[in-house]
$ cat data.cif   # mmCIF, C-alpha atoms
data_start
#
loop_
_atom_site.group_PDB
_atom_site.id
_atom_site.type_symbol
_atom_site.label_atom_id
_atom_site.label_comp_id
_atom_site.auth_asym_id
_atom_site.auth_seq_id
_atom_site.Cartn_x
_atom_site.Cartn_y
_atom_site.Cartn_z
ATOM 1 C CA MET X 340 19.099 41.483 -11.254
ATOM 2 C CA ASP X 341 16.495 38.891 -12.123
ATOM 3 C CA LEU X 342 19.212 36.390 -12.782
ATOM 4 C CA ILE X 343 20.803 37.018 -9.396
ATOM 5 C CA ILE X 344 17.483 36.579 -7.619
ATOM 6 C CA ALA X 345 16.832 33.374 -9.537
ATOM 7 C CA LEU X 346 20.290 32.076 -8.683
ATOM 8 C CA ILE X 347 19.898 32.924 -5.001
ATOM 9 C CA THR X 348 16.471 31.267 -4.851
ATOM 10 C CA THR X 349 17.803 28.141 -6.481
ATOM 11 C CA GLY X 350 20.776 28.114 -4.123
ATOM 12 C CA VAL X 351 18.589 28.502 -1.051
ATOM 13 C CA LEU X 352 16.268 25.756 -2.260
ATOM 14 C CA LEU X 353 19.224 23.477 -2.957
ATOM 15 C CA VAL X 354 20.661 23.997 0.523
ATOM 16 C CA LEU X 355 17.227 23.606 2.103
ATOM 17 C CA GLY X 356 16.585 20.444 0.134
ATOM 18 C CA PHE X 357 19.988 19.029 0.975
ATOM 19 C CA THR X 358 19.791 19.645 4.734
ATOM 20 C CA VAL X 359 16.100 19.231 5.573
ATOM 21 C CA GLY X 360 15.579 16.572 2.932
ATOM 22 C CA GLY X 361 18.551 14.562 4.135
ATOM 23 C CA LEU X 362 17.397 14.905 7.724
ATOM 24 C CA ASN X 363 13.871 13.783 6.797
ATOM 25 C CA GLU X 364 15.223 10.806 4.941
ATOM 26 C CA ARG X 365 17.455 9.644 7.772
ATOM 27 C CA ARG X 366 14.626 10.077 10.260
ATOM 28 C CA HIS X 367 12.298 8.115 8.023
ATOM 29 C CA PHE X 368 14.758 5.246 7.672
ATOM 30 C CA LYS X 369 15.243 5.150 11.447
ATOM 31 C CA GLN X 370 11.496 5.097 11.975
ATOM 32 C CA LEU X 371 11.080 2.365 9.383
ATOM 33 C CA GLN X 372 13.660 0.227 11.095
ATOM 34 C CA LEU X 373 11.901 0.556 14.458
ATOM 35 C CA GLN X 374 8.522 -0.252 12.959
ATOM 36 C CA GLU X 375 9.887 -3.203 11.039
ATOM 37 C CA GLN X 376 11.398 -4.566 14.218
ATOM 38 C CA ALA X 377 8.106 -4.149 16.068
ATOM 39 C CA LEU X 378 6.287 -5.999 13.292
ATOM 40 C CA SER X 379 8.875 -8.672 12.673
ATOM 41 C CA HIS X 380 6.739 -11.319 14.381
ATOM 42 C CA ILE X 381 4.474 -11.355 11.328
ATOM 43 C CA ARG X 382 5.745 -13.626 8.617
ATOM 44 C CA VAL X 383 5.464 -12.335 5.083
ATOM 45 C CA ASN X 384 5.734 -14.197 1.820
ATOM 46 C CA ASN X 385 4.521 -13.924 -1.740
ATOM 47 C CA LEU X 386 3.324 -17.471 -2.218
ATOM 48 C CA LYS X 387 -0.103 -17.902 -3.729
ATOM 49 C CA THR X 388 -1.054 -21.186 -2.160
ATOM 50 C CA VAL X 389 -1.649 -21.138 1.580
ATOM 51 C CA THR X 390 -0.586 -24.209 3.533
ATOM 52 C CA ASP X 391 -1.899 -25.731 6.794
ATOM 53 C CA LEU X 392 -5.521 -25.005 5.972
ATOM 54 C CA GLN X 393 -6.874 -26.770 9.067
ATOM 55 C CA THR X 394 -5.709 -24.146 11.488
ATOM 56 C CA ILE X 395 -6.971 -21.062 9.680
ATOM 57 C CA ALA X 396 -9.362 -18.951 11.748
ATOM 58 C CA ALA X 397 -9.900 -15.993 9.462
ATOM 59 C CA CYS X 398 -8.498 -14.322 6.394
ATOM 60 C CA ALA X 399 -8.829 -10.927 4.792
ATOM 61 C CA MET X 400 -7.012 -8.687 2.396
ATOM 62 C CA VAL X 401 -4.717 -6.090 3.912
ATOM 63 C CA SER X 402 -2.984 -3.255 2.125
ATOM 64 C CA GLY X 403 -0.722 -0.264 2.484
ATOM 65 C CA GLN X 404 -0.450 2.831 0.342
ATOM 66 C CA VAL X 405 2.063 5.639 0.413
ATOM 67 C CA VAL X 406 3.163 8.552 -1.753
ATOM 68 C CA ILE X 407 6.576 10.002 -0.973
ATOM 69 C CA GLY X 408 8.199 12.942 -2.655
ATOM 70 C CA THR X 409 11.889 13.678 -2.759
ATOM 71 C CA ASP X 410 13.561 16.995 -2.004
ATOM 72 C CA TYR X 411 14.718 19.712 -4.356
ATOM 73 C CA PHE X 412 18.381 18.806 -4.138
ATOM 74 C CA LYS X 413 17.749 15.196 -5.053
ATOM 75 C CA SER X 414 15.454 16.202 -7.903
ATOM 76 C CA MET X 415 18.273 18.323 -9.335
ATOM 77 C CA ALA X 416 20.818 15.589 -8.773
ATOM 78 C CA THR X 417 18.573 13.131 -10.554
ATOM 79 C CA SER X 418 18.046 15.330 -13.570
ATOM 80 C CA LEU X 419 21.827 15.774 -13.804
ATOM 81 C CA ARG X 420 22.232 12.029 -13.584
ATOM 82 C CA GLY X 421 19.708 11.779 -16.395
ATOM 83 C CA LEU X 422 22.182 13.590 -18.612
ATOM 84 C CA LEU X 423 25.173 11.501 -17.644
ATOM 85 C CA GLY X 424 23.548 8.110 -17.293
ATOM 86 C CA GLY X 425 24.334 5.568 -14.617
ATOM 87 C CA GLU X 426 22.797 4.511 -11.368
ATOM 88 C CA MET X 427 20.325 6.935 -9.799
ATOM 89 C CA LYS X 428 21.122 6.520 -6.139
ATOM 90 C CA SER X 429 18.660 9.124 -4.877
ATOM 91 C CA ALA X 430 15.777 7.688 -6.861
ATOM 92 C CA GLN X 431 16.702 4.291 -5.542
ATOM 93 C CA THR X 432 16.512 5.361 -1.896
ATOM 94 C CA LEU X 433 13.185 7.032 -2.610
ATOM 95 C CA MET X 434 11.712 3.815 -3.983
ATOM 96 C CA THR X 435 13.139 1.819 -1.091
ATOM 97 C CA ARG X 436 11.576 4.186 1.414
ATOM 98 C CA ALA X 437 8.195 4.022 -0.266
ATOM 99 C CA ARG X 438 8.221 0.260 -0.606
ATOM 100 C CA ARG X 439 9.229 -0.318 2.997
ATOM 101 C CA GLU X 440 6.663 2.184 4.251
ATOM 102 C CA ALA X 441 3.874 0.547 2.227
ATOM 103 C CA LEU X 442 4.821 -2.853 3.620
ATOM 104 C CA VAL X 443 4.913 -1.500 7.182
ATOM 105 C CA ARG X 444 1.412 -0.094 6.744
ATOM 106 C CA LEU X 445 0.211 -3.415 5.403
ATOM 107 C CA LEU X 446 1.747 -5.177 8.406
ATOM 108 C CA HIS X 447 0.081 -2.717 10.782
ATOM 109 C CA GLN X 448 -3.273 -3.710 9.339
ATOM 110 C CA ALA X 449 -2.402 -7.371 9.674
ATOM 111 C CA GLN X 450 -1.396 -6.780 13.273
ATOM 112 C CA THR X 451 -4.684 -5.085 14.174
ATOM 113 C CA MET X 452 -6.590 -8.126 12.965
ATOM 114 C CA GLY X 453 -4.301 -10.380 14.945
ATOM 115 C CA ALA X 454 -2.721 -12.121 11.978
ATOM 116 C CA ALA X 455 0.565 -13.964 12.283
ATOM 117 C CA GLU X 456 1.103 -14.356 8.558
ATOM 118 C CA VAL X 457 0.588 -12.427 5.367
ATOM 119 C CA TRP X 458 0.578 -14.393 2.137
ATOM 120 C CA ASN X 459 0.907 -13.402 -1.487
ATOM 121 C CA VAL X 460 2.234 -9.907 -0.943
ATOM 122 C CA ARG X 461 2.447 -7.820 -4.101
ATOM 123 C CA PHE X 462 3.583 -4.346 -4.940
ATOM 124 C CA ALA X 463 2.249 -1.962 -7.523
ATOM 125 C CA SER X 464 2.995 1.634 -8.313
ATOM 126 C CA SER X 465 1.045 4.427 -9.926
ATOM 127 C CA ASN X 466 1.880 7.895 -11.169
ATOM 128 C CA ILE X 467 -0.893 10.328 -10.433
ATOM 129 C CA GLY X 468 1.327 13.158 -9.267
ATOM 130 C CA GLN X 469 4.066 13.071 -11.863
ATOM 131 C CA SER X 470 5.672 16.338 -12.884
ATOM 132 C CA THR X 471 4.039 18.394 -10.170
ATOM 133 C CA GLY X 472 6.733 21.005 -10.214
ATOM 134 C CA LYS X 473 6.429 24.156 -12.236
ATOM 135 C CA LYS X 474 8.265 24.909 -15.465
ATOM 136 C CA GLY X 475 8.498 21.253 -16.323
ATOM 137 C CA SER X 476 10.918 20.504 -13.519
ATOM 138 C CA ARG X 477 10.479 16.893 -12.652
ATOM 139 C CA ALA X 478 9.626 16.430 -8.996
ATOM 140 C CA MET X 479 10.348 12.822 -8.243
ATOM 141 C CA GLN X 480 7.795 10.959 -6.263
ATOM 142 C CA ALA X 481 7.144 7.336 -5.513
ATOM 143 C CA GLU X 482 3.610 5.976 -5.193
ATOM 144 C CA LEU X 483 3.635 2.468 -3.842
ATOM 145 C CA PHE X 484 0.814 0.127 -3.013
ATOM 146 C CA ALA X 485 1.273 -3.222 -1.286
ATOM 147 C CA TRP X 486 -1.419 -5.799 -0.736
ATOM 148 C CA GLY X 487 -1.671 -9.340 0.556
ATOM 149 C CA THR X 488 -3.822 -11.846 2.380
ATOM 150 C CA ALA X 489 -3.537 -11.797 6.161
ATOM 151 C CA ILE X 490 -4.248 -15.050 7.909
ATOM 152 C CA VAL X 491 -5.251 -15.588 11.522
ATOM 153 C CA ARG X 492 -4.386 -19.022 12.862
ATOM 154 C CA ASP X 493 -6.345 -21.004 15.386
ATOM 155 C CA ASN X 494 -3.572 -23.142 16.789
ATOM 156 C CA GLY X 495 -2.034 -20.926 19.413
ATOM 157 C CA VAL X 496 0.699 -19.673 17.100
ATOM 158 C CA GLN X 497 -0.980 -16.327 17.478
ATOM 159 C CA VAL X 498 0.665 -12.998 17.365
ATOM 160 C CA THR X 499 2.373 -11.995 20.520
ATOM 161 C CA PRO X 500 2.858 -8.293 20.099
ATOM 162 C CA PRO X 501 5.998 -7.042 21.750
ATOM 163 C CA PRO X 502 5.476 -5.561 25.240
ATOM 164 C CA GLY X 503 4.288 -2.001 25.274
ATOM 165 C CA GLN X 504 2.241 -2.416 22.129
ATOM 166 C CA ALA X 505 -1.460 -1.711 22.327
ATOM 167 C CA ALA X 506 -2.432 -4.468 19.906
ATOM 168 C CA SER X 507 -4.818 -6.985 21.374
ATOM 169 C CA THR X 508 -3.771 -10.582 21.763
ATOM 170 C CA PRO X 509 -6.661 -12.569 20.402
ATOM 171 C CA SER X 510 -7.777 -15.617 22.310
ATOM 172 C CA SER X 511 -7.559 -18.717 20.165
ATOM 173 C CA ARG X 512 -11.313 -18.983 19.524
ATOM 174 C CA THR X 513 -12.373 -15.396 19.137
ATOM 175 C CA PRO X 514 -10.311 -13.368 16.697
ATOM 176 C CA PRO X 515 -10.859 -9.624 17.011
ATOM 177 C CA PRO X 516 -13.086 -7.790 14.564
ATOM 178 C CA VAL X 517 -11.345 -7.662 11.247
ATOM 179 C CA PRO X 518 -10.771 -4.171 9.867
ATOM 180 C CA VAL X 519 -12.313 -2.777 6.754
ATOM 181 C CA VAL X 520 -10.258 -3.152 3.603
ATOM 182 C CA LEU X 521 -8.163 -0.045 3.067
ATOM 183 C CA PRO X 522 -8.774 1.793 6.352
ATOM 184 C CA PRO X 523 -7.355 5.273 6.928
ATOM 185 C CA ILE X 524 -3.617 5.505 6.734
ATOM 186 C CA PRO X 525 -1.883 4.977 10.053
ATOM 187 C CA GLY X 526 0.165 7.886 11.205
ATOM 188 C CA ALA X 527 -0.744 10.033 8.226
ATOM 189 C CA MET N 670 -17.839 -11.110 1.181
ATOM 190 C CA ILE N 671 -14.416 -12.644 1.588
ATOM 191 C CA VAL N 672 -11.802 -10.824 -0.462
ATOM 192 C CA VAL N 673 -8.368 -12.395 -0.729
ATOM 193 C CA ASN N 674 -5.546 -12.310 -3.224
ATOM 194 C CA THR N 675 -4.630 -15.967 -2.850
ATOM 195 C CA GLU N 676 -5.771 -18.460 -5.454
ATOM 196 C CA MET N 677 -8.380 -19.960 -3.172
ATOM 197 C CA VAL N 678 -10.089 -19.031 0.036
ATOM 198 C CA PRO N 679 -7.833 -20.453 2.729
ATOM 199 C CA GLY N 680 -9.681 -23.075 4.736
ATOM 200 C CA LYS N 681 -12.649 -23.263 2.349
ATOM 201 C CA ARG N 682 -13.466 -25.182 -0.790
ATOM 202 C CA ILE N 683 -14.571 -23.468 -3.936
ATOM 203 C CA ALA N 684 -17.812 -24.901 -5.331
ATOM 204 C CA ASN N 685 -17.810 -23.025 -8.619
ATOM 205 C CA THR N 686 -16.312 -19.973 -10.179
ATOM 206 C CA LEU N 687 -18.562 -17.249 -11.523
ATOM 207 C CA GLY N 688 -16.033 -15.375 -13.591
ATOM 208 C CA LEU N 689 -14.102 -12.163 -13.524
ATOM 209 C CA VAL N 690 -15.386 -9.236 -11.499
ATOM 210 C CA GLN N 691 -13.854 -5.813 -11.688
ATOM 211 C CA GLY N 692 -14.098 -2.286 -10.448
ATOM 212 C CA ASN N 693 -12.359 0.831 -11.599
ATOM 213 C CA THR N 694 -12.211 4.517 -10.969
ATOM 214 C CA ILE N 695 -10.319 7.351 -12.560
ATOM 215 C CA ARG N 696 -9.224 10.101 -10.248
ATOM 216 C CA ALA N 697 -7.706 13.449 -10.981
ATOM 217 C CA LYS N 698 -5.614 15.162 -8.381
ATOM 218 C CA HIS N 699 -6.857 18.552 -7.358
ATOM 219 C CA PHE N 700 -5.241 21.887 -7.314
ATOM 220 C CA GLY N 701 -4.961 22.492 -3.557
ATOM 221 C CA ARG N 702 -3.177 19.234 -3.068
ATOM 222 C CA ASP N 703 -0.825 20.104 -5.898
ATOM 223 C CA ILE N 704 0.338 23.203 -4.080
ATOM 224 C CA ALA N 705 0.928 21.297 -0.854
ATOM 225 C CA ALA N 706 2.741 18.578 -2.770
ATOM 226 C CA GLY N 707 4.841 21.138 -4.619
ATOM 227 C CA LEU N 708 6.018 22.599 -1.322
ATOM 228 C CA LYS N 709 6.661 19.151 0.104
ATOM 229 C CA ASN N 710 8.757 18.373 -2.938
ATOM 230 C CA LEU N 711 11.271 20.990 -1.837
ATOM 231 C CA VAL N 712 12.133 19.288 1.429
ATOM 232 C CA GLY N 713 11.031 15.753 0.710
ATOM 233 C CA GLY N 714 8.656 13.577 2.681
ATOM 234 C CA GLU N 715 5.303 11.931 2.406
ATOM 235 C CA LEU N 716 2.675 13.636 0.274
ATOM 236 C CA THR N 717 -0.271 12.774 2.485
ATOM 237 C CA GLY N 718 -2.818 14.417 0.190
ATOM 238 C CA TYR N 719 -1.930 12.036 -2.610
ATOM 239 C CA THR N 720 -1.755 9.070 -0.266
ATOM 240 C CA GLU N 721 -5.310 9.755 0.891
ATOM 241 C CA LEU N 722 -6.486 10.305 -2.654
ATOM 242 C CA LEU N 723 -5.097 6.995 -3.856
ATOM 243 C CA THR N 724 -6.293 5.085 -0.786
ATOM 244 C CA GLU N 725 -9.778 6.477 -1.290
ATOM 245 C CA ALA N 726 -9.744 5.651 -4.986
ATOM 246 C CA ARG N 727 -8.485 2.137 -4.367
ATOM 247 C CA ARG N 728 -11.257 1.574 -1.823
ATOM 248 C CA GLU N 729 -13.785 2.796 -4.364
ATOM 249 C CA ALA N 730 -12.520 0.344 -6.982
ATOM 250 C CA VAL N 731 -12.676 -2.530 -4.493
ATOM 251 C CA GLU N 732 -16.208 -1.584 -3.474
ATOM 252 C CA ARG N 733 -17.341 -1.582 -7.100
ATOM 253 C CA MET N 734 -15.752 -4.985 -7.586
ATOM 254 C CA ILE N 735 -17.535 -6.317 -4.490
ATOM 255 C CA ALA N 736 -20.849 -4.888 -5.707
ATOM 256 C CA GLN N 737 -20.440 -6.746 -8.973
ATOM 257 C CA ALA N 738 -19.655 -9.976 -7.157
ATOM 258 C CA ASN N 739 -22.730 -9.524 -4.970
ATOM 259 C CA GLN N 740 -24.853 -9.232 -8.092
ATOM 260 C CA LEU N 741 -23.524 -12.561 -9.292
ATOM 261 C CA GLY N 742 -24.345 -14.120 -5.947
ATOM 262 C CA ALA N 743 -20.752 -14.829 -5.045
ATOM 263 C CA ASP N 744 -19.464 -15.700 -1.575
ATOM 264 C CA ALA N 745 -15.908 -14.598 -2.129
ATOM 265 C CA ILE N 746 -13.495 -12.971 -4.532
ATOM 266 C CA VAL N 747 -10.144 -14.665 -4.963
ATOM 267 C CA ASN N 748 -6.867 -13.691 -6.588
ATOM 268 C CA VAL N 749 -7.543 -9.964 -6.403
ATOM 269 C CA ARG N 750 -5.085 -7.785 -8.279
ATOM 270 C CA PHE N 751 -4.631 -4.090 -8.739
ATOM 271 C CA THR N 752 -3.241 -2.139 -11.628
ATOM 272 C CA THR N 753 -3.026 1.494 -12.464
ATOM 273 C CA SER N 754 -2.745 3.270 -15.734
ATOM 274 C CA ALA N 755 -2.007 6.867 -16.505
ATOM 275 C CA VAL N 756 -4.922 8.167 -18.535
ATOM 276 C CA THR N 757 -3.868 11.760 -18.910
ATOM 277 C CA GLN N 758 -1.396 13.961 -17.103
ATOM 278 C CA GLY N 759 -2.439 14.232 -13.482
ATOM 279 C CA ALA N 760 -5.070 11.521 -13.523
ATOM 280 C CA ALA N 761 -4.792 7.845 -12.809
ATOM 281 C CA GLU N 762 -7.051 4.906 -13.348
ATOM 282 C CA LEU N 763 -7.161 2.431 -10.499
ATOM 283 C CA TYR N 764 -8.433 -0.956 -11.466
ATOM 284 C CA ALA N 765 -9.172 -3.890 -9.171
ATOM 285 C CA TYR N 766 -10.069 -7.293 -10.513
ATOM 286 C CA GLY N 767 -10.529 -10.796 -9.233
ATOM 287 C CA THR N 768 -12.472 -13.999 -9.668
ATOM 288 C CA ALA N 769 -15.884 -14.306 -8.022
ATOM 289 C CA VAL N 770 -16.501 -17.742 -6.552
ATOM 290 C CA GLN N 771 -19.122 -19.620 -4.619
ATOM 291 C CA LEU N 772 -17.955 -21.667 -1.685
ATOM 292 C CA GLU N 773 -18.949 -25.153 -0.713
ATOM 293 C CA GLN N 774 -21.451 -24.765 2.065
ATOM 294 C CA GLY N 775 -21.046 -28.213 3.540
ATOM 295 C CA ALA N 776 -17.362 -27.738 4.229
ATOM 296 C CA PRO N 777 -16.305 -27.513 7.868
ATOM 297 C CA GLU N 778 -16.309 -23.915 8.961
ATOM 298 C CA PRO N 779 -13.409 -23.168 11.202
ATOM 299 C CA MET N 780 -13.312 -19.708 9.736
ATOM 300 C CA ARG N 781 -15.080 -16.536 10.748
ATOM 301 C CA VAL N 782 -15.531 -14.082 7.991
ATOM 302 C CA PRO N 783 -15.417 -10.360 8.623
ATOM 303 C CA GLU N 784 -18.904 -8.861 8.521
ATOM 304 C CA LYS N 785 -17.922 -5.861 6.521
ATOM 305 C CA LEU N 786 -15.067 -5.504 4.140
#
$ encode --input "data.cif" --output "structure tokens"
Amino acid sequence: MDLIIALITTGVLLVLGFTVGGLNERRHFKQLQLQEQALSHIRVNNLKTVTDLQTIAACAMVSGQVVIGTDYFKSMATSLRGLLGGEMKSAQTLMTRARREALVRLLHQAQTMGAAEVWNVRFASSNIGQSTGKKGSRAMQAELFAWGTAIVRDNGVQVTPPPGQAASTPSSRTPPPVPVVLPPIPGA
Amino acid sequence: MIVVNTEMVPGKRIANTLGLVQGNTIRAKHFGRDIAAGLKNLVGGELTGYTELLTEARREAVERMIAQANQLGADAIVNVRFTTSAVTQGAAELYAYGTAVQLEQGAPEPMRVPEKL
């Protein structure tokens, strides 16, 4: 009897993970694409040395942090893959999601300070929540942190946020107040 | 205090470097968040509790770094980096480090620095 209950629970969780998890993932990717499009006017690079120093109006560090967990189905699929070896597709999409989300959050911060460029973008990951699941089941989660230096230019090559966006267009001489480092997470 | 992760402060000249400044904090996740995260791990999605925890911890580390730089009389911190290390199961150390510098005061100042970081 216990075995049957355990099997049914696992089955339900698998189906739930597969459907809801898959839905969540697709929705997230769609959302990411929209946000990336909206923020595509900000140029990003990972170069250390900033060029065109004469036109710089302000600079500050911006960052984005996200922790994303995967669903039950994918966790199972990954542990199976761990036995067989090979490419872990589901883990790969999880990391991609987290990395893109962290970058989007970083860009949001850059946008609020009116920056047109972000230099020296780096990514780091942590693992505070590893093996959250009970009975040693490995719940996969990705913890990504992105940071970089946002630069506001003085030469009229300012950000022009796409129509419909609330972001302020700074006049060339008075950049808007720059946000605190690591402000609350947007949309959390 | 200007905090950037480029090798110099864009638009400014560095007068002298004061050395490495650093800030760290070790945070453990707490039980309530674990339950929420455990449930979220069934259907997938962002674990906002952990995101907040790490954001908060990272801010703490940066603030400690800035406090150290202030003590040295620095104007800016350049080349800021972050690392994490897993201390024990369920706890993470967040470490922020950079180089404290003084800026040349005579340099032209086209730049406005944020009041508060």
$ closest_atom_pairs --input "data.cif" --of "stretch 745-770 of chain N" --to "stretch 480-490 of chain X" --cutoff "12 Å" --atoms "only C-alpha atoms" --output "Markdown table"
| residue | atom | partner | partner_atom | distance |
| --- | --- | --- | --- | --- |
| N:Ile746 | CA | X:Thr488 | CA | 11.9 |
| N:Val747 | CA | X:Thr488 | CA | 10.1 |
| N:Asn748 | CA | X:Thr488 | CA | 9.6 |
| N:Val749 | CA | X:Gly487 | CA | 9.1 |
| N:Arg750 | CA | X:Trp486 | CA | 8.6 |
| N:Phe751 | CA | X:Trp486 | CA | 8.8 |
| N:Thr752 | CA | X:Phe484 | CA | 9.8 |
| N:Thr753 | CA | X:Phe484 | CA | 10.3 |
| N:Ala761 | CA | X:Glu482 | CA | 11.5 |
| N:Leu763 | CA | X:Phe484 | CA | 11.2 |
| N:Ala765 | CA | X:Trp486 | CA | 11.6 |
$ write_last_selection --input "data.cif" --atoms "C-alpha atoms" --output "PDB file, in the coordinates of the input"
ATOM      1  CA  ILE N 746     -13.495 -12.971  -4.532  1.00  0.00           C
ATOM      2  CA  VAL N 747     -10.144 -14.665  -4.963  1.00  0.00           C
ATOM      3  CA  ASN N 748      -6.867 -13.691  -6.588  1.00  0.00           C
ATOM      4  CA  VAL N 749      -7.543  -9.964  -6.403  1.00  0.00           C
ATOM      5  CA  ARG N 750      -5.085  -7.785  -8.279  1.00  0.00           C
ATOM      6  CA  PHE N 751      -4.631  -4.090  -8.739  1.00  0.00           C
ATOM      7  CA  THR N 752      -3.241  -2.139 -11.628  1.00  0.00           C
ATOM      8  CA  THR N 753      -3.026   1.494 -12.464  1.00  0.00           C
ATOM      9  CA  ALA N 761      -4.792   7.845 -12.809  1.00  0.00           C
ATOM     10  CA  LEU N 763      -7.161   2.431 -10.499  1.00  0.00           C
ATOM     11  CA  ALA N 765      -9.172  -3.890  -9.171  1.00  0.00           C
TER      12      ALA N 765
END
$ residues_around --input "data.cif" --residues "N:Gly692" --least-positions-apart "4" --cutoff "6 Å" --atoms "all atoms listed in the file" --output "count of residues only"
5
$ closest_residue --input "data.cif" --among "X:Lys413, X:Arg366, X:Arg444, X:Lys387" --to "N:Thr720" --atoms "only C-alpha atoms"
X:Arg444
$ interface_residues --input "data.cif" --of "chain N" --to "chain X" --cutoff "7 Å" --atoms "only C-alpha atoms" --output "JSON, numbers by chain"
{"N": [671, 672, 673, 674, 675, 676, 679, 680, 703, 707, 709, 710, 711, 712, 713, 714, 715, 716, 717, 719, 720, 724, 728, 752, 753, 755, 759, 760, 761, 779, 780, 781, 782, 783, 785, 786]}
$ axis_aligned_box --input "data.cif" --around "stretch 690-696 of chain N" --padding-each-side "8 Å" --output "AutoDock Vina command-line options"
--center_x -12.3 --center_y 0.4 --center_z -11.4 --size_x 22.2 --size_y 35.3 --size_z 18.3
$ closest_residue --input "data.cif" --among "N:Ala684, N:Ala706, N:Leu689, N:Leu722" --to "N:Glu762" --atoms "all atoms listed in the file"
N:Leu722
$ atom_distance --input "data.cif" --atom1 "atom CA of N:Lys698" --atom2 "atom CA of X:Arg438"
21.8 Å
$ resolve_selection --input "data.cif" --expression "the PyMOL selection byres ((chain N and resi 743) around 7)" --output "list of chain:residue names"
N:Ala738, N:Asn739, N:Leu741, N:Gly742, N:Asp744, N:Ala745, N:Ala769, N:Val770, N:Gln771
$ closest_residue --input "data.cif" --among "N:Gly718, N:Ala705, N:Glu773, N:Ala697" --to "N:Val756" --atoms "all atoms listed in the file"
N:Ala697
$ resolve_selection --input "data.cif" --expression "the PyMOL selection byres ((chain X and resi 381) around 8)" --output "ChimeraX atom specification"
/X:378-380,382-383,446,450,454-457,498
$ atom_distance --input "data.cif" --atom1 "atom CA of X:Lys428" --atom2 "atom CA of X:Gln372"
19.8 Å
$ atom_distance --input "data.cif" --atom1 "atom CA of N:Ala736" --atom2 "atom CA of N:Lys681"
21.7 Å
$ decode --input "data.cif" --residues "stretch 677-688 of chain N" --atoms "N, CA, C and O atoms" --output "PDB file, in the first residue's frame"
ATOM      1  N   MET N 677      39.784  51.659 -14.038  1.00  0.00           N
ATOM      2  CA  MET N 677      39.994  53.030 -13.562  1.00  0.00           C
ATOM      3  C   MET N 677      38.619  53.661 -13.471  1.00  0.00           C
ATOM      4  O   MET N 677      37.639  53.087 -13.901  1.00  0.00           O
ATOM      5  N   VAL N 678      38.571  54.847 -12.894  1.00  0.00           N
ATOM      6  CA  VAL N 678      37.301  55.542 -12.847  1.00  0.00           C
ATOM      7  C   VAL N 678      37.138  56.276 -14.170  1.00  0.00           C
ATOM      8  O   VAL N 678      37.937  57.150 -14.486  1.00  0.00           O
ATOM      9  N   PRO N 679      36.155  55.906 -14.959  1.00  0.00           N
ATOM     10  CA  PRO N 679      36.018  56.522 -16.276  1.00  0.00           C
ATOM     11  C   PRO N 679      35.893  58.038 -16.156  1.00  0.00           C
ATOM     12  O   PRO N 679      35.105  58.536 -15.368  1.00  0.00           O
ATOM     13  N   GLY N 680      36.704  58.745 -16.903  1.00  0.00           N
ATOM     14  CA  GLY N 680      36.628  60.204 -16.899  1.00  0.00           C
ATOM     15  C   GLY N 680      37.421  60.871 -15.792  1.00  0.00           C
ATOM     16  O   GLY N 680      37.413  62.083 -15.668  1.00  0.00           O
ATOM     17  N   LYS N 681      38.111  60.091 -14.971  1.00  0.00           N
ATOM     18  CA  LYS N 681      38.890  60.666 -13.865  1.00  0.00           C
ATOM     19  C   LYS N 681      40.294  60.086 -13.902  1.00  0.00           C
ATOM     20  O   LYS N 681      40.510  59.002 -14.444  1.00  0.00           O
ATOM     21  N   ARG N 682      41.224  60.790 -13.267  1.00  0.00           N
ATOM     22  CA  ARG N 682      42.567  60.243 -13.154  1.00  0.00           C
ATOM     23  C   ARG N 682      42.824  59.783 -11.734  1.00  0.00           C
ATOM     24  O   ARG N 682      42.449  60.448 -10.789  1.00  0.00           O
ATOM     25  N   ILE N 683      43.506  58.668 -11.640  1.00  0.00           N
ATOM     26  CA  ILE N 683      43.813  58.136 -10.313  1.00  0.00           C
ATOM     27  C   ILE N 683      45.107  58.765  -9.814  1.00  0.00           C
ATOM     28  O   ILE N 683      46.130  58.740 -10.506  1.00  0.00           O
ATOM     29  N   ALA N 684      45.064  59.375  -8.617  1.00  0.00           N
ATOM     30  CA  ALA N 684      46.251  60.002  -8.059  1.00  0.00           C
ATOM     31  C   ALA N 684      47.135  58.952  -7.394  1.00  0.00           C
ATOM     32  O   ALA N 684      48.320  58.874  -7.653  1.00  0.00           O
ATOM     33  N   ASN N 685      46.564  58.161  -6.506  1.00  0.00           N
ATOM     34  CA  ASN N 685      47.331  57.051  -5.948  1.00  0.00           C
ATOM     35  C   ASN N 685      46.410  55.945  -5.472  1.00  0.00           C
ATOM     36  O   ASN N 685      45.242  56.180  -5.182  1.00  0.00           O
ATOM     37  N   THR N 686      46.955  54.772  -5.429  1.00  0.00           N
ATOM     38  CA  THR N 686      46.157  53.634  -4.980  1.00  0.00           C
ATOM     39  C   THR N 686      46.456  53.366  -3.515  1.00  0.00           C
ATOM     40  O   THR N 686      47.596  53.485  -3.065  1.00  0.00           O
ATOM     41  N   LEU N 687      45.434  52.994  -2.774  1.00  0.00           N
ATOM     42  CA  LEU N 687      45.584  52.803  -1.336  1.00  0.00           C
ATOM     43  C   LEU N 687      45.596  51.333  -0.954  1.00  0.00           C
ATOM     44  O   LEU N 687      45.765  50.994   0.195  1.00  0.00           O
ATOM     45  N   GLY N 688      45.372  50.472  -1.916  1.00  0.00           N
ATOM     46  CA  GLY N 688      45.431  49.051  -1.615  1.00  0.00           C
ATOM     47  C   GLY N 688      44.075  48.377  -1.641  1.00  0.00           C
ATOM     48  O   GLY N 688      43.051  48.999  -1.892  1.00  0.00           O
TER      49      GLY N 688
END
